[in-house]
Each structure stands twice: as C-alpha cells, then as structure tokens.
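Reviewing the structure listed below.
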Amino acid sequence: MTPAERAGGSGGRAASAPELSDDDDTSSRFSWWNVGAIVLVAVCSVAGWRSLRRPEPRSALVTEARPSRSEASPAAEPPPPTMAAALALPPEAMRVEAAGMSDDDRQKAEALAHRMPAVSYADISVAEQLFSRHPGELRGLLEATLLNVADGERRRRRFTDAAVLLQRAVSVETERARPALLLMITLTEAGDWSGAEAAARTALAREPRNADAWGGLGYALLRQDRNQDAAEALRTALEIRPDSTSQALLDRVSKGMADERGMTEQQLSHFHVRYDGEAHDDVGREILRALERHYATLVSALDHQPQVTIPVVLFSRESYNSASGAPAWSGGVYDSLDGRIRVPIQGLTRSLTPDMDRTLLHELTHAFVADRTRGVAPRDIQEGLAQYMEGERVTARLTPEQLTLLADGRAGGVMGFYLYALSFVEYLVATRGMGGMNDLLRAMGETGSVDEAFRQVHGQDYKATRRAWFQRLHQQHGS
C-alpha cells in the first residue's frame, strides 16, 4: 500500500494519508437522570463520541513487532443500567391494611410485597386483580410490580415489552413522574426518540420542574435534529439543577448550531442535508441523490431500515475540522452522539468524485450499523463492514508481499487496524454469508452483548472468533 492510500479514524472514513498511528479509542457517554434521591444510570444507546488525536506519519505499512490488539478490541462494555433503586417498593405499597379488605386479599398483597423485586408476569395479574378491588390502597403495589417486571424485560433488551408495562404503570400512577421517566429511559435505550420525547413530556406534565425529564427531552430532541428545541430543554434542566453532563451536552448542541448557522437545508424522507448556501447548491443536490441511492443499497444489503432521519452536514475543510474535531486526514465522520454525518466538500463540483461517493456510503454504513446494533457493534465490525460495503477487499488493496506481512501480524497503526478490520469482516461474510452478518448485527442489538451475538451466530464468543479468523489468515497468506 502506498502512502497515498486511505487510513481510517474513529467512526469515519479517512482521506488520502500516510501510514498512521491510532492507539486510543475512547468514548464519552452522556447520562443525567436523577430520579428524586435515586441516581438512574441511563445509557443513551448510541451516545458515544470518540475524540481522535492527530496521527503521526510513518514510512511503511508494517512494523516488525506484532501490533497491539487494543485498537481492534471492543471497548469494555459498561455495566447494564440499573433501575433497582428506583424500583424499590415505595412505603405506601407495603401498607396492605385496609378497611373491608379480606384476609385472602391481604395475604396475597403481603406475599407480593415480600417477593419484590423478584416478580413475574403472573404477579402482575395478581396485582391487577387486587388493584381492581382496592384501587386506593394498592395502587403503589401494582405500580411497583409493573416497574420491576419492566426492568427485567429491559435488562433482556426486550424494550417493546418493557415499554408496554411502563405505559401501564404511567396510567396507574397518574400523579408522579417516576413511571414516565423510566419509560423515557427505556425508549432512549431503544433508540425510539419520538417515544422518549413523548414520555419526557408526560413526566413534565406531572412535574414541570423535573430536571431529569428536561434533560431527557433535550437529548431526544437532539436525536430528532431539532436543535433549537433541544437547547431550550437543556437550558431549562440546568436552570432547575446545575449538572455537568447536561451542560456538556448543551455545549455540544450550541456549538453545532453555531457551526451550521446560515446553512441551506434540503430534506428528503431519510435525510436532512445542510450546506453553506449557493456555493454548494449543485453538490448538495447531487449528494442528496447519492445518499438516497446508497440508502436503498444498504436497506437491501443489511436487511434493516433506520427509523430516524439522518442529518448530513457538508463543510469546507477548515470548518469541518473545527466542527467534527477530526484530524486533518479525516475524510468524513459519523458522530454517534448526535447521529450526524459530517463531510468536508471543499473543491467539489456538481459531479461527485468517486472518493466522495465512497465516503458517503462508508459513513452511511456506520449510521445503519449503529442503529441496528443500538451502538453495541465493536469498532472493528463497524469499520470493517463500512469498507466492505464500499467494495474494498484486502487482497485487492495489498501486494502479495504486503499481504504476507499483514498475515504475519506485523501491520500497525491506523492503516493496520483498518486492514485487519476489513479482513475480519471478509472472514465473517465468507463463513456465514451476508445473511449471517445481518444476523450478527441483529443479535447485538437484541442481546446488548457482542459475545452473546457471536455465540448465537458463530458458535463461539468474539475473541474466539477473532482467533479463528487470524489463524485462517495466517494459514492462507502468512510466511
């Protein structure tokens, strides 16, 4: 590979660059909910944003030492968010003494209260029956039962089932914001931004000064590309309760609006494309057409269609580097915090260059994979599949000598990471076909676990599959 060939960056496709080094892969996750005196850790499913440092050029494709696998390894998964404290049985739910309550009902209520939080759907039926006979006294018991069963469904990433239970809890507890807040968090994890917005507004109708609801509303609005409304919601949250995370998110939203001020916007069913006015009118329209073409390709190839509109922002090279935080060699970036694709277009004419066309397909693939896996896909799957969808293949990019060095484990830096990522995805597709790749992405989203997804599709966990791939690569092409 020549120094002019592409290298990659975090969530992005690199333009022409020399050999690079990329040793860190960090992400920031935003969570801000504090329900009453209880801290709720809410994972904004695709809310990671990687900071890229500028790589230093190297003179060769490979190094003599075996590269660190840290670049290709998935980031350590955060502990699953917990609603345990919020689901603690409220004191009033324990009060099962009631005038006119039969001994049988009292015993059932007491037994159900003592089973918390280990309750099931069968317990919901019992709680519903008790509530129908004693709505004033046992409302809290039914609410707590619904919330605990919903938490179990959410932990298993059965977000639809969890949301149904939480919606019932919202209808049972009509005064407090807690059930609506938990519904907001669940729908945020599921990537249902309009649903999360509705749940936040329900919580605010009950508790207009709830900072957590305002914060959740702000993020849901941001993911729907409603930036001004998002900023207003976040400012309100901060006025109620200063919070460093909400402040950081507001800073991001405000910077984005400043970066995009005065831009022309064109909208189609799947995209909002923004660019700096008449200077790029022709290329803006051409990019919209290319995006729609690539969207159709990915819907067919990946057997998935994102439910949200994808913002695409076109910048001059200088504005792009400032807006994206990407290094000078980056040719585009998908930001999983706000769901935007940012691309530099300086020097483009009405006709897109082949390199820009591939960049759009590459970044759009990231958006599809992030949506399909709810942000779970490890970086090598993301980057390898984005290259694969461009039509890249390792054997076509490397000379036989370079392929041997790659198979011997001597490719380093960013370029090495991208080559290994592409090779790994090629192996996965060769092993199970594109259908198997789609099954893998689907399983990641459904289980929330990279290892479990690999076990379901490949019969072994992620690391074992990577070992099998590298062994095959070395057998085929190594020295």
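Letters A, B, ... mark the chains of the structure tokens in the order given; residue numbers begin at 1 per chain; ligand numbers begin at 1, in order shown.
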
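Every protein or nucleic acid residue with an atom no more than 7 Å from Ala200 of chain A, counting only C-alpha atoms and leaving out same-chain residues fewer than 2 positions away, appears here: Ala180, Leu181, Met184, Ala196, Glu197, Ala198, Thr202, Ala203, Leu204, Ala213, Gly216 and Leu217 of chain A.
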
Take the selection from the previous step and output its residues with N, CA and C atoms, as a compact mmCIF listing (two decimals), in the first residue's frame.
```txt
# COMPACT_ATOMS: atom_id res chain seq x y z
N ALA A 180 -43.18 7.60 34.05
CA ALA A 180 -42.90 8.22 32.75
C ALA A 180 -41.41 8.41 32.54
N LEU A 181 -40.68 8.73 33.61
CA LEU A 181 -39.23 8.86 33.50
C LEU A 181 -38.58 7.54 33.12
N MET A 184 -39.22 6.92 29.58
CA MET A 184 -38.31 7.75 28.78
C MET A 184 -36.94 7.10 28.66
N ALA A 196 -39.40 8.58 23.34
CA ALA A 196 -38.74 9.15 24.51
C ALA A 196 -39.18 10.58 24.74
N GLU A 197 -39.35 11.33 23.66
CA GLU A 197 -39.84 12.71 23.80
C GLU A 197 -41.23 12.72 24.43
N ALA A 198 -42.12 11.86 23.94
CA ALA A 198 -43.49 11.84 24.48
C ALA A 198 -43.48 11.47 25.96
N THR A 202 -44.77 13.71 29.16
CA THR A 202 -45.72 13.20 30.15
C THR A 202 -45.19 13.44 31.56
N ALA A 203 -43.91 13.14 31.77
CA ALA A 203 -43.31 13.37 33.08
C ALA A 203 -43.37 14.85 33.45
N LEU A 204 -43.12 15.72 32.48
CA LEU A 204 -43.14 17.16 32.76
C LEU A 204 -44.54 17.68 33.02
N ALA A 213 -36.37 15.00 33.50
CA ALA A 213 -37.26 14.96 32.34
C ALA A 213 -36.85 15.98 31.29
N GLY A 216 -33.71 14.56 29.56
CA GLY A 216 -34.05 13.50 28.63
C GLY A 216 -34.76 14.03 27.40
N LEU A 217 -35.63 15.03 27.61
CA LEU A 217 -36.31 15.66 26.48
C LEU A 217 -35.30 16.31 25.55
```

Sel. of alpha helix (DSSP H) residues, segment 270-415 of chain A, as a PyMOL selection string | chain A and resi 281-302+317-324+354-373+379-390+394-397+400-407+413-415

Leaving out Phe131 of chain A and any residue of its chain fewer than 2 positions from it, which residues lie within 10 Å of it when counting only C-alpha atoms, given as number ranges by chain?
-> A: 109, 125-129, 133-143, 172

With all heavy atoms kept, could you save the residues just selected as a compact mmCIF listing (two decimals), in the first residue's frame?
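Ended up saving to result_17.txt:
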```txt
# COMPACT_ATOMS: atom_id res chain seq x y z
N ALA A 109 -51.52 -9.63 49.01
CA ALA A 109 -50.79 -8.37 48.89
C ALA A 109 -49.49 -8.42 49.66
O ALA A 109 -48.44 -7.97 49.18
CB ALA A 109 -51.66 -7.22 49.37
N SER A 125 -50.70 -10.10 37.17
CA SER A 125 -52.12 -10.49 37.16
C SER A 125 -52.71 -10.41 38.55
O SER A 125 -53.83 -9.90 38.74
CB SER A 125 -52.28 -11.90 36.58
OG SER A 125 -51.84 -11.96 35.25
N VAL A 126 -51.95 -10.90 39.53
CA VAL A 126 -52.42 -10.83 40.92
C VAL A 126 -52.58 -9.38 41.36
O VAL A 126 -53.59 -8.98 41.95
CB VAL A 126 -51.45 -11.58 41.86
CG1 VAL A 126 -51.84 -11.37 43.32
CG2 VAL A 126 -51.42 -13.07 41.52
N ALA A 127 -51.57 -8.56 41.05
CA ALA A 127 -51.60 -7.15 41.44
C ALA A 127 -52.75 -6.41 40.76
O ALA A 127 -53.40 -5.55 41.37
CB ALA A 127 -50.27 -6.48 41.11
N GLU A 128 -53.03 -6.74 39.50
CA GLU A 128 -54.14 -6.10 38.79
C GLU A 128 -55.48 -6.46 39.46
O GLU A 128 -56.36 -5.60 39.62
CB GLU A 128 -54.15 -6.53 37.32
CG GLU A 128 -53.01 -5.95 36.49
CD GLU A 128 -53.28 -4.52 36.03
OE1 GLU A 128 -54.23 -3.89 36.54
OE2 GLU A 128 -52.52 -4.02 35.18
N GLN A 129 -55.62 -7.71 39.83
CA GLN A 129 -56.86 -8.14 40.48
C GLN A 129 -57.03 -7.44 41.83
O GLN A 129 -58.14 -6.96 42.16
CB GLN A 129 -56.86 -9.66 40.67
CG GLN A 129 -56.93 -10.44 39.36
CD GLN A 129 -56.68 -11.92 39.55
OE1 GLN A 129 -56.59 -12.41 40.68
NE2 GLN A 129 -56.54 -12.64 38.45
N ARG A 133 -59.94 -4.30 43.06
CA ARG A 133 -60.81 -4.35 44.24
C ARG A 133 -60.45 -3.27 45.26
O ARG A 133 -61.31 -2.84 46.02
CB ARG A 133 -60.73 -5.73 44.90
CG ARG A 133 -61.32 -6.84 44.04
CD ARG A 133 -61.50 -8.13 44.85
NE ARG A 133 -60.23 -8.79 45.13
CZ ARG A 133 -59.65 -9.66 44.32
NH1 ARG A 133 -60.21 -9.97 43.15
NH2 ARG A 133 -58.50 -10.24 44.66
N HIS A 134 -59.18 -2.82 45.25
CA HIS A 134 -58.73 -1.84 46.24
C HIS A 134 -57.85 -0.79 45.55
O HIS A 134 -56.66 -0.68 45.85
CB HIS A 134 -57.94 -2.52 47.36
CG HIS A 134 -58.64 -3.72 47.94
ND1 HIS A 134 -59.68 -3.62 48.84
CD2 HIS A 134 -58.44 -5.05 47.72
CE1 HIS A 134 -60.10 -4.83 49.16
NE2 HIS A 134 -59.36 -5.71 48.50
N PRO A 135 -58.41 0.00 44.63
CA PRO A 135 -57.60 0.94 43.85
C PRO A 135 -56.91 2.01 44.69
O PRO A 135 -55.80 2.43 44.36
CB PRO A 135 -58.61 1.55 42.87
CG PRO A 135 -59.94 1.35 43.53
CD PRO A 135 -59.85 0.07 44.27
N GLY A 136 -57.54 2.44 45.74
CA GLY A 136 -56.93 3.48 46.55
C GLY A 136 -55.77 2.99 47.37
O GLY A 136 -54.74 3.66 47.50
N GLU A 137 -55.89 1.78 47.90
CA GLU A 137 -54.90 1.26 48.84
C GLU A 137 -53.73 0.57 48.15
O GLU A 137 -52.60 0.59 48.66
CB GLU A 137 -55.55 0.28 49.82
CG GLU A 137 -56.60 0.90 50.72
CD GLU A 137 -57.97 0.99 50.05
OE1 GLU A 137 -58.04 0.59 48.85
OE2 GLU A 137 -58.92 1.44 50.69
N LEU A 138 -53.97 -0.07 47.02
CA LEU A 138 -52.94 -0.94 46.43
C LEU A 138 -52.41 -0.42 45.08
O LEU A 138 -51.83 -1.18 44.32
CB LEU A 138 -53.48 -2.37 46.28
CG LEU A 138 -53.87 -3.04 47.60
CD1 LEU A 138 -54.37 -4.46 47.36
CD2 LEU A 138 -52.70 -3.05 48.58
N ARG A 139 -52.60 0.86 44.83
CA ARG A 139 -52.06 1.46 43.61
C ARG A 139 -50.53 1.33 43.57
O ARG A 139 -49.94 0.96 42.56
CB ARG A 139 -52.46 2.93 43.53
CG ARG A 139 -52.03 3.63 42.24
CD ARG A 139 -52.45 5.11 42.27
NE ARG A 139 -53.85 5.23 42.59
CZ ARG A 139 -54.84 5.16 41.69
NH1 ARG A 139 -54.54 4.94 40.43
NH2 ARG A 139 -56.10 5.29 42.07
N GLY A 140 -49.87 1.64 44.68
CA GLY A 140 -48.41 1.57 44.72
C GLY A 140 -47.90 0.16 44.53
O GLY A 140 -46.83 -0.06 43.94
N LEU A 141 -48.64 -0.83 45.01
CA LEU A 141 -48.22 -2.22 44.85
C LEU A 141 -48.24 -2.62 43.38
O LEU A 141 -47.29 -3.26 42.88
CB LEU A 141 -49.13 -3.14 45.67
CG LEU A 141 -48.76 -4.63 45.66
CD1 LEU A 141 -47.41 -4.85 46.32
CD2 LEU A 141 -49.84 -5.46 46.34
N LEU A 142 -49.29 -2.23 42.65
CA LEU A 142 -49.35 -2.55 41.23
C LEU A 142 -48.26 -1.82 40.46
O LEU A 142 -47.58 -2.39 39.60
CB LEU A 142 -50.73 -2.18 40.67
CG LEU A 142 -50.89 -2.34 39.15
CD1 LEU A 142 -50.57 -3.77 38.70
CD2 LEU A 142 -52.30 -1.95 38.71
N GLU A 143 -48.05 -0.55 40.81
CA GLU A 143 -47.01 0.22 40.13
C GLU A 143 -45.65 -0.45 40.32
O GLU A 143 -44.89 -0.64 39.35
CB GLU A 143 -46.96 1.65 40.67
CG GLU A 143 -45.88 2.49 40.02
CD GLU A 143 -45.49 3.71 40.84
OE1 GLU A 143 -46.00 3.88 41.96
OE2 GLU A 143 -44.63 4.49 40.36
N VAL A 172 -51.48 3.86 35.69
CA VAL A 172 -51.87 3.52 37.07
C VAL A 172 -51.47 4.65 38.02
O VAL A 172 -52.28 5.11 38.83
CB VAL A 172 -51.20 2.20 37.50
CG1 VAL A 172 -51.37 1.96 39.00
CG2 VAL A 172 -51.80 1.03 36.72
```

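Closest approach to Arg226 of chain A among A:Asp259, A:Ala430, A:Thr309, A:Ala248: A:Thr309, based on only C-alpha atoms.
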
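Taking atom CA of Pro117 of chain A and atom CA of Ile185 of chain A as endpoints, the distance between them is 19.1 Å.
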